[in-house]
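Next up, structure16.pdb (PDB, C-alpha atoms):
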```pdb
ATOM      1  CA  MET A   1     -92.382  17.438  16.784
ATOM      2  CA  THR A   2     -95.879  18.270  17.805
ATOM      3  CA  ALA A   3     -96.628  20.625  20.658
ATOM      4  CA  ALA A   4     -97.762  17.743  22.883
ATOM      5  CA  ALA A   5     -94.550  15.797  22.332
ATOM      6  CA  ALA A   6     -92.478  18.921  22.903
ATOM      7  CA  ALA A   7     -94.391  19.630  26.105
ATOM      8  CA  LEU A   8     -93.871  16.056  27.306
ATOM      9  CA  ALA A   9     -90.159  16.055  26.468
ATOM     10  CA  THR A  10     -89.445  19.474  27.955
ATOM     11  CA  GLY A  11     -91.490  18.718  31.046
ATOM     12  CA  ALA A  12     -89.611  15.457  31.506
ATOM     13  CA  GLY A  13     -86.313  17.269  31.013
ATOM     14  CA  PHE A  14     -87.087  19.942  33.575
ATOM     15  CA  GLY A  15     -88.483  17.343  35.953
ATOM     16  CA  PHE A  16     -85.328  15.270  35.614
ATOM     17  CA  LEU A  17     -83.126  18.298  36.271
ATOM     18  CA  ALA A  18     -85.156  19.221  39.344
ATOM     19  CA  ARG A  19     -85.502  15.700  40.739
ATOM     20  CA  ASP A  20     -82.234  13.947  39.953
ATOM     21  CA  LEU A  21     -79.670  16.695  39.522
ATOM     22  CA  LEU A  22     -80.904  19.331  41.965
ATOM     23  CA  GLY A  23     -82.640  16.992  44.404
ATOM     24  CA  LEU A  24     -85.608  19.290  44.919
ATOM     25  CA  PRO A  25     -88.716  18.212  46.864
ATOM     26  CA  ARG A  26     -91.739  16.729  45.132
ATOM     27  CA  ALA A  27     -93.693  19.973  44.920
ATOM     28  CA  ALA A  28     -90.782  21.749  43.259
ATOM     29  CA  VAL A  29     -90.343  18.831  40.860
ATOM     30  CA  ALA A  30     -94.014  19.023  39.886
ATOM     31  CA  LEU A  31     -93.710  22.778  39.424
ATOM     32  CA  ALA A  32     -90.621  22.319  37.261
ATOM     33  CA  TRP A  33     -92.434  19.722  35.158
ATOM     34  CA  VAL A  34     -95.384  22.064  34.592
ATOM     35  CA  ALA A  35     -93.076  24.970  33.757
ATOM     36  CA  GLY A  36     -91.133  22.796  31.332
ATOM     37  CA  ALA A  37     -94.305  21.550  29.698
ATOM     38  CA  LEU A  38     -95.514  25.117  29.199
ATOM     39  CA  ILE A  39     -92.156  26.181  27.787
ATOM     40  CA  GLY A  40     -92.110  23.215  25.414
ATOM     41  CA  CYS A  41     -95.738  23.709  24.418
ATOM     42  CA  PHE A  42     -95.238  27.335  23.456
ATOM     43  CA  GLY A  43     -91.893  26.679  21.798
ATOM     44  CA  LEU A  44     -89.876  29.116  23.873
ATOM     45  CA  GLY A  45     -86.684  27.193  23.282
ATOM     46  CA  ARG A  46     -87.085  27.296  19.518
ATOM     47  CA  SER A  47     -88.217  30.860  18.918
TER      48      SER A  47
ATOM     49  CA  MET B   1     -55.352 -12.220  37.918
ATOM     50  CA  ARG B   2     -59.092 -11.778  38.095
ATOM     51  CA  GLU B   3     -61.002 -11.795  34.865
ATOM     52  CA  SER B   4     -64.181 -10.136  36.060
ATOM     53  CA  GLY B   5     -64.816  -6.874  34.245
ATOM     54  CA  GLN B   6     -62.337  -7.656  31.458
ATOM     55  CA  ALA B   7     -65.048  -8.040  28.886
ATOM     56  CA  THR B   8     -66.463  -4.650  29.759
ATOM     57  CA  VAL B   9     -63.116  -2.967  29.095
ATOM     58  CA  GLU B  10     -62.744  -4.821  25.811
ATOM     59  CA  TRP B  11     -66.217  -3.865  24.725
ATOM     60  CA  ILE B  12     -65.595  -0.226  25.540
ATOM     61  CA  GLY B  13     -62.344  -0.352  23.544
ATOM     62  CA  LEU B  14     -64.126  -1.929  20.608
ATOM     63  CA  VAL B  15     -66.872   0.677  20.663
ATOM     64  CA  LEU B  16     -64.324   3.487  20.886
ATOM     65  CA  ALA B  17     -62.341   2.050  17.964
ATOM     66  CA  LEU B  18     -65.487   1.756  15.882
ATOM     67  CA  ALA B  19     -66.503   5.311  16.763
ATOM     68  CA  LEU B  20     -63.055   6.588  15.767
ATOM     69  CA  ALA B  21     -63.150   4.695  12.487
ATOM     70  CA  PHE B  22     -66.628   5.979  11.758
ATOM     71  CA  ALA B  23     -65.647   9.565  12.570
ATOM     72  CA  GLY B  24     -62.612   9.252  10.295
ATOM     73  CA  ALA B  25     -64.744   7.917   7.473
ATOM     74  CA  LEU B  26     -67.191  10.766   7.935
ATOM     75  CA  THR B  27     -64.365  13.301   7.910
ATOM     76  CA  ILE B  28     -62.992  11.862   4.705
ATOM     77  CA  ALA B  29     -66.437  11.750   3.177
ATOM     78  CA  GLY B  30     -66.894  15.417   3.991
ATOM     79  CA  GLY B  31     -65.724  16.250   0.494
ATOM     80  CA  ALA B  32     -68.212  13.911  -1.144
ATOM     81  CA  ARG B  33     -71.498  15.010  -2.598
ATOM     82  CA  PHE B  34     -74.140  12.623  -1.405
ATOM     83  CA  ASP B  35     -76.603  13.633  -4.092
ATOM     84  CA  ALA B  36     -74.085  12.517  -6.726
ATOM     85  CA  PRO B  37     -73.828   8.902  -7.934
ATOM     86  CA  ALA B  38     -72.498   6.340  -5.485
ATOM     87  CA  HIS B  39     -68.937   6.326  -6.816
ATOM     88  CA  GLY B  40     -68.576   9.937  -5.636
ATOM     89  CA  LEU B  41     -67.638   8.716  -2.183
ATOM     90  CA  GLY B  42     -64.900   6.507  -3.587
ATOM     91  CA  GLU B  43     -63.553   9.373  -5.657
ATOM     92  CA  ALA B  44     -63.600  11.619  -2.606
ATOM     93  CA  VAL B  45     -61.717   9.072  -0.484
ATOM     94  CA  SER B  46     -59.099   8.427  -3.159
ATOM     95  CA  GLY B  47     -58.769  12.161  -3.841
ATOM     96  CA  ARG B  48     -58.225  12.871  -0.169
ATOM     97  CA  MET B  49     -55.591  10.165   0.071
ATOM     98  CA  VAL B  50     -53.725  11.467  -2.975
ATOM     99  CA  CYS B  51     -53.802  15.066  -1.832
ATOM    100  CA  ALA B  52     -52.722  14.048   1.686
ATOM    101  CA  VAL B  53     -49.663  12.305   0.217
ATOM    102  CA  ARG B  54     -48.879  15.304  -1.980
ATOM    103  CA  GLY B  55     -49.643  17.770   0.793
ATOM    104  CA  THR B  56     -52.023  19.808  -1.355
ATOM    105  CA  CYS B  57     -55.295  19.330   0.525
ATOM    106  CA  ALA B  58     -55.418  22.881   1.856
ATOM    107  CA  THR B  59     -54.884  24.475  -1.548
ATOM    108  CA  ARG B  60     -57.431  22.129  -3.150
ATOM    109  CA  SER B  61     -60.122  22.933  -0.637
ATOM    110  CA  LEU B  62     -59.499  26.648  -1.077
ATOM    111  CA  ALA B  63     -59.603  26.380  -4.847
ATOM    112  CA  ARG B  64     -62.813  24.334  -4.801
ATOM    113  CA  ARG B  65     -64.773  26.920  -2.853
ATOM    114  CA  PRO B  66     -66.722  29.442  -4.860
ATOM    115  CA  PRO B  67     -65.492  32.996  -4.418
ATOM    116  CA  ALA B  68     -68.611  33.979  -2.489
ATOM    117  CA  ALA B  69     -68.071  31.199   0.063
ATOM    118  CA  ARG B  70     -64.599  32.327   1.035
ATOM    119  CA  ALA B  71     -64.091  33.958   4.367
ATOM    120  CA  PRO B  72     -65.379  37.502   4.214
ATOM    121  CA  ALA B  73     -63.140  40.359   5.106
ATOM    122  CA  PRO B  74     -63.366  41.197   8.812
ATOM    123  CA  ARG B  75     -65.820  43.958   9.460
ATOM    124  CA  LEU B  76     -64.467  46.705  11.595
ATOM    125  CA  PRO B  77     -66.800  48.068  14.213
ATOM    126  CA  ALA B  78     -68.345  51.360  13.308
ATOM    127  CA  VAL B  79     -66.719  54.142  15.260
ATOM    128  CA  ARG B  80     -68.951  57.057  15.951
ATOM    129  CA  PRO B  81     -67.420  60.364  16.904
ATOM    130  CA  PRO B  82     -68.215  61.373  20.451
ATOM    131  CA  SER B  83     -70.698  64.099  20.910
ATOM    132  CA  LEU B  84     -69.165  67.429  21.748
ATOM    133  CA  ARG B  85     -71.806  67.937  24.403
ATOM    134  CA  TYR B  86     -70.658  64.810  26.313
ATOM    135  CA  LEU B  87     -67.030  65.774  25.942
ATOM    136  CA  ALA B  88     -67.708  69.228  27.279
ATOM    137  CA  ARG B  89     -69.529  67.908  30.335
ATOM    138  CA  GLY B  90     -67.232  64.947  30.889
ATOM    139  CA  VAL B  91     -70.228  62.593  30.915
ATOM    140  CA  ARG B  92     -70.291  59.345  29.023
ATOM    141  CA  PRO B  93     -73.514  58.363  27.305
ATOM    142  CA  ALA B  94     -75.524  55.638  29.028
ATOM    143  CA  ARG B  95     -75.657  52.121  27.629
ATOM    144  CA  PRO B  96     -78.643  51.240  25.501
ATOM    145  CA  ARG B  97     -81.413  49.850  27.690
ATOM    146  CA  ALA B  98     -82.419  46.994  25.381
ATOM    147  CA  SER B  99     -79.304  44.893  26.077
ATOM    148  CA  ALA B 100     -80.292  43.580  29.530
ATOM    149  CA  PRO B 101     -83.708  42.162  28.588
ATOM    150  CA  ARG B 102     -82.220  40.714  25.434
ATOM    151  CA  ALA B 103     -79.532  38.912  27.429
ATOM    152  CA  GLY B 104     -82.132  37.638  29.860
ATOM    153  CA  ARG B 105     -84.291  36.377  27.032
ATOM    154  CA  ARG B 106     -81.309  34.656  25.480
ATOM    155  CA  LEU B 107     -80.449  33.012  28.809
ATOM    156  CA  LEU B 108     -84.032  31.843  29.260
ATOM    157  CA  ARG B 109     -84.103  30.474  25.733
ATOM    158  CA  SER B 110     -80.892  28.514  26.185
ATOM    159  CA  PHE B 111     -82.203  27.206  29.519
ATOM    160  CA  ALA B 112     -85.397  26.072  27.805
ATOM    161  CA  ARG B 113     -83.401  24.445  25.037
ATOM    162  CA  ALA B 114     -81.272  22.576  27.574
ATOM    163  CA  GLY B 115     -84.437  21.396  29.308
ATOM    164  CA  GLU B 116     -85.861  20.188  26.020
ATOM    165  CA  HIS B 117     -82.987  17.763  25.575
ATOM    166  CA  ALA B 118     -82.407  16.775  29.205
ATOM    167  CA  TRP B 119     -84.824  13.856  29.040
ATOM    168  CA  ILE B 120     -82.300  11.932  26.947
ATOM    169  CA  VAL B 121     -79.721  12.384  29.683
ATOM    170  CA  CYS B 122     -82.268  10.937  32.107
ATOM    171  CA  PHE B 123     -82.210   7.660  30.191
ATOM    172  CA  GLY B 124     -78.423   7.535  30.388
ATOM    173  CA  VAL B 125     -78.301   8.347  34.092
ATOM    174  CA  ARG B 126     -80.997   5.817  34.962
ATOM    175  CA  ARG B 127     -79.352   3.121  32.873
ATOM    176  CA  LEU B 128     -76.000   3.815  34.498
ATOM    177  CA  ARG B 129     -77.519   3.612  37.967
ATOM    178  CA  GLN B 130     -79.268   0.399  37.048
ATOM    179  CA  GLU B 131     -76.003  -1.024  35.735
ATOM    180  CA  LEU B 132     -74.156  -0.045  38.901
ATOM    181  CA  ASP B 133     -76.849  -1.531  41.125
ATOM    182  CA  HIS B 134     -77.167  -4.744  39.118
ATOM    183  CA  PRO B 135     -73.947  -5.361  37.158
ATOM    184  CA  GLN B 136     -74.375  -7.385  33.969
ATOM    185  CA  SER B 137     -72.009  -8.970  31.507
ATOM    186  CA  PRO B 138     -71.941  -7.387  28.028
ATOM    187  CA  ARG B 139     -73.817 -10.358  26.594
ATOM    188  CA  GLN B 140     -76.740  -9.862  28.922
ATOM    189  CA  THR B 141     -79.439  -7.621  27.577
ATOM    190  CA  LEU B 142     -81.574  -5.262  29.571
ATOM    191  CA  SER B 143     -84.793  -6.937  30.573
ATOM    192  CA  LYS B 144     -88.032  -5.492  29.304
ATOM    193  CA  ARG B 145     -89.181  -4.796  32.825
ATOM    194  CA  ASP B 146     -86.064  -2.750  33.625
ATOM    195  CA  ALA B 147     -86.316  -0.867  30.331
ATOM    196  CA  LEU B 148     -89.953  -0.106  31.038
ATOM    197  CA  ASP B 149     -89.058   1.091  34.528
ATOM    198  CA  ILE B 150     -86.432   3.472  33.134
ATOM    199  CA  PHE B 151     -88.846   4.730  30.489
ATOM    200  CA  ASN B 152     -91.529   5.208  33.112
ATOM    201  CA  GLU B 153     -89.264   7.068  35.529
ATOM    202  CA  CYS B 154     -88.001   9.421  32.846
ATOM    203  CA  LEU B 155     -91.072  10.187  30.776
ATOM    204  CA  ASN B 156     -94.219   9.422  32.744
ATOM    205  CA  PRO B 157     -95.739  12.750  33.850
ATOM    206  CA  LEU B 158     -97.512  11.082  36.770
ATOM    207  CA  GLY B 159     -94.137  10.156  38.245
ATOM    208  CA  PHE B 160     -93.261  13.839  38.410
ATOM    209  CA  LEU B 161     -96.638  15.268  39.333
ATOM    210  CA  LEU B 162     -98.058  12.789  41.855
ATOM    211  CA  PRO B 163     -96.459  12.209  45.256
TER     212      PRO B 163
END
```

Let me see the file written as structure tokens.
Amino acid sequence: MTAAAAALATGAGFGFLARDLLGLPRAAVALAWVAGALIGCFGLGRS
Amino acid sequence: MRESGQATVEWIGLVLALALAFAGALTIAGGARFDAPAHGLGEAVSGRMVCAVRGTCATRSLARRPPAARAPAPRLPAVRPPSLRYLARGVRPARPRASAPRAGRRLLRSFARAGEHAWIVCFGVRRLRQELDHPQSPRQTLSKRDALDIFNECLNPLGFLLP
């Protein structure tokens, strides 16, 4: 999986957790998406 | 007796039965070598059936393992003698400092790993909600528009970033 795909998938995962499961406001969802994308891009979950 | 919803229960039962049968076949095929010729699977299935009837499966699987693959002897934790200085003062040595950051890093890593795979759950949740809002019979397929909506809601970054 390329870094872009990992960033997209992890960002979507974090965004889903923040939006649908936790019910956070839009700003927090956007922040979670960006944080997830960064985590996925740098491969923190796989190191 | 109402018949609405009957087909859904039957379909779920059929899928569960198929999943069970598939899992059983995979368990039986666990002894097969897939790089071997195709009749290896048949030999593995027949061998498992014969040894199950004879009750010798456990001994066969133990005998087939190479000696290096057997369970290693349990390693006892290394016991270090306490320092006389600590005993004399009645003070216990402090814990090593590296454990807390390591645990935090491990927690963060598992959190990141969970987030990496959560997008798949999003598809399931959205599909379930869509099914509950607009119930369909098992023969009806999901329309392309609904599938695209689910895909868009779960993966489109603009849906998360823009208000």

- prompt: For the atom pair atom CA of A:Leu24 and atom CA of A:Cys41, what is the interatomic distance in Å to one decimal place?
  reply: 23.3 Å

task: Just the residues within 8 Å of B:Cys122, please, counting all atoms listed in the file, with nothing from its chain fewer than 5 positions along; format it as a list in words.
output: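 Returned residues: Gly13 and Phe16 of chain A; Cys154 of chain B.
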
- request: Work out how far apart atom CA of B:Ala23 and atom CA of B:Cys57 are and give it in Å to one decimal.
  value: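 Between these atoms lies a distance of 18.6 Å.
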
- request: Within 10 Å of B:Ala147, counting only C-alpha atoms, which residues show up once you throw out same-chain ones fewer than 5 positions away? Write them as a VMD selection string, please.
  value: chain B and resid 123 126 to 127 130 142 152 to 153

message: Using only C-alpha atoms and a cut-off of 9 Å, which residues of chain A sit close to chain B? Please list them as a PyMOL selection string.
response: chain A and resi 6-17+19-20+26-27+29-34+36+39-40+43-47

Write the residues you've just listed into a file as a PDB file, in the coordinates of the input, and include C-alpha atoms for each of them.
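The resulting again-v2.pdb:
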```pdb
ATOM      1  CA  ALA A   6     -92.478  18.921  22.903  1.00  0.00           C
ATOM      2  CA  ALA A   7     -94.391  19.630  26.105  1.00  0.00           C
ATOM      3  CA  LEU A   8     -93.871  16.056  27.306  1.00  0.00           C
ATOM      4  CA  ALA A   9     -90.159  16.055  26.468  1.00  0.00           C
ATOM      5  CA  THR A  10     -89.445  19.474  27.955  1.00  0.00           C
ATOM      6  CA  GLY A  11     -91.490  18.718  31.046  1.00  0.00           C
ATOM      7  CA  ALA A  12     -89.611  15.457  31.506  1.00  0.00           C
ATOM      8  CA  GLY A  13     -86.313  17.269  31.013  1.00  0.00           C
ATOM      9  CA  PHE A  14     -87.087  19.942  33.575  1.00  0.00           C
ATOM     10  CA  GLY A  15     -88.483  17.343  35.953  1.00  0.00           C
ATOM     11  CA  PHE A  16     -85.328  15.270  35.614  1.00  0.00           C
ATOM     12  CA  LEU A  17     -83.126  18.298  36.271  1.00  0.00           C
ATOM     13  CA  ARG A  19     -85.502  15.700  40.739  1.00  0.00           C
ATOM     14  CA  ASP A  20     -82.234  13.947  39.953  1.00  0.00           C
ATOM     15  CA  ARG A  26     -91.739  16.729  45.132  1.00  0.00           C
ATOM     16  CA  ALA A  27     -93.693  19.973  44.920  1.00  0.00           C
ATOM     17  CA  VAL A  29     -90.343  18.831  40.860  1.00  0.00           C
ATOM     18  CA  ALA A  30     -94.014  19.023  39.886  1.00  0.00           C
ATOM     19  CA  LEU A  31     -93.710  22.778  39.424  1.00  0.00           C
ATOM     20  CA  ALA A  32     -90.621  22.319  37.261  1.00  0.00           C
ATOM     21  CA  TRP A  33     -92.434  19.722  35.158  1.00  0.00           C
ATOM     22  CA  VAL A  34     -95.384  22.064  34.592  1.00  0.00           C
ATOM     23  CA  GLY A  36     -91.133  22.796  31.332  1.00  0.00           C
ATOM     24  CA  ILE A  39     -92.156  26.181  27.787  1.00  0.00           C
ATOM     25  CA  GLY A  40     -92.110  23.215  25.414  1.00  0.00           C
ATOM     26  CA  GLY A  43     -91.893  26.679  21.798  1.00  0.00           C
ATOM     27  CA  LEU A  44     -89.876  29.116  23.873  1.00  0.00           C
ATOM     28  CA  GLY A  45     -86.684  27.193  23.282  1.00  0.00           C
ATOM     29  CA  ARG A  46     -87.085  27.296  19.518  1.00  0.00           C
ATOM     30  CA  SER A  47     -88.217  30.860  18.918  1.00  0.00           C
TER      31      SER A  47
END
```

Could you give me the centre and size, in Å to one decimal, of an axis-aligned box around all listed atoms of stretch 154-159 of chain B with 4 Å added on every side, as JSON?
```
{"center_x": -92.8, "center_y": 11.1, "center_z": 34.5, "size_x": 17.5, "size_y": 11.3, "size_z": 15.5}
```
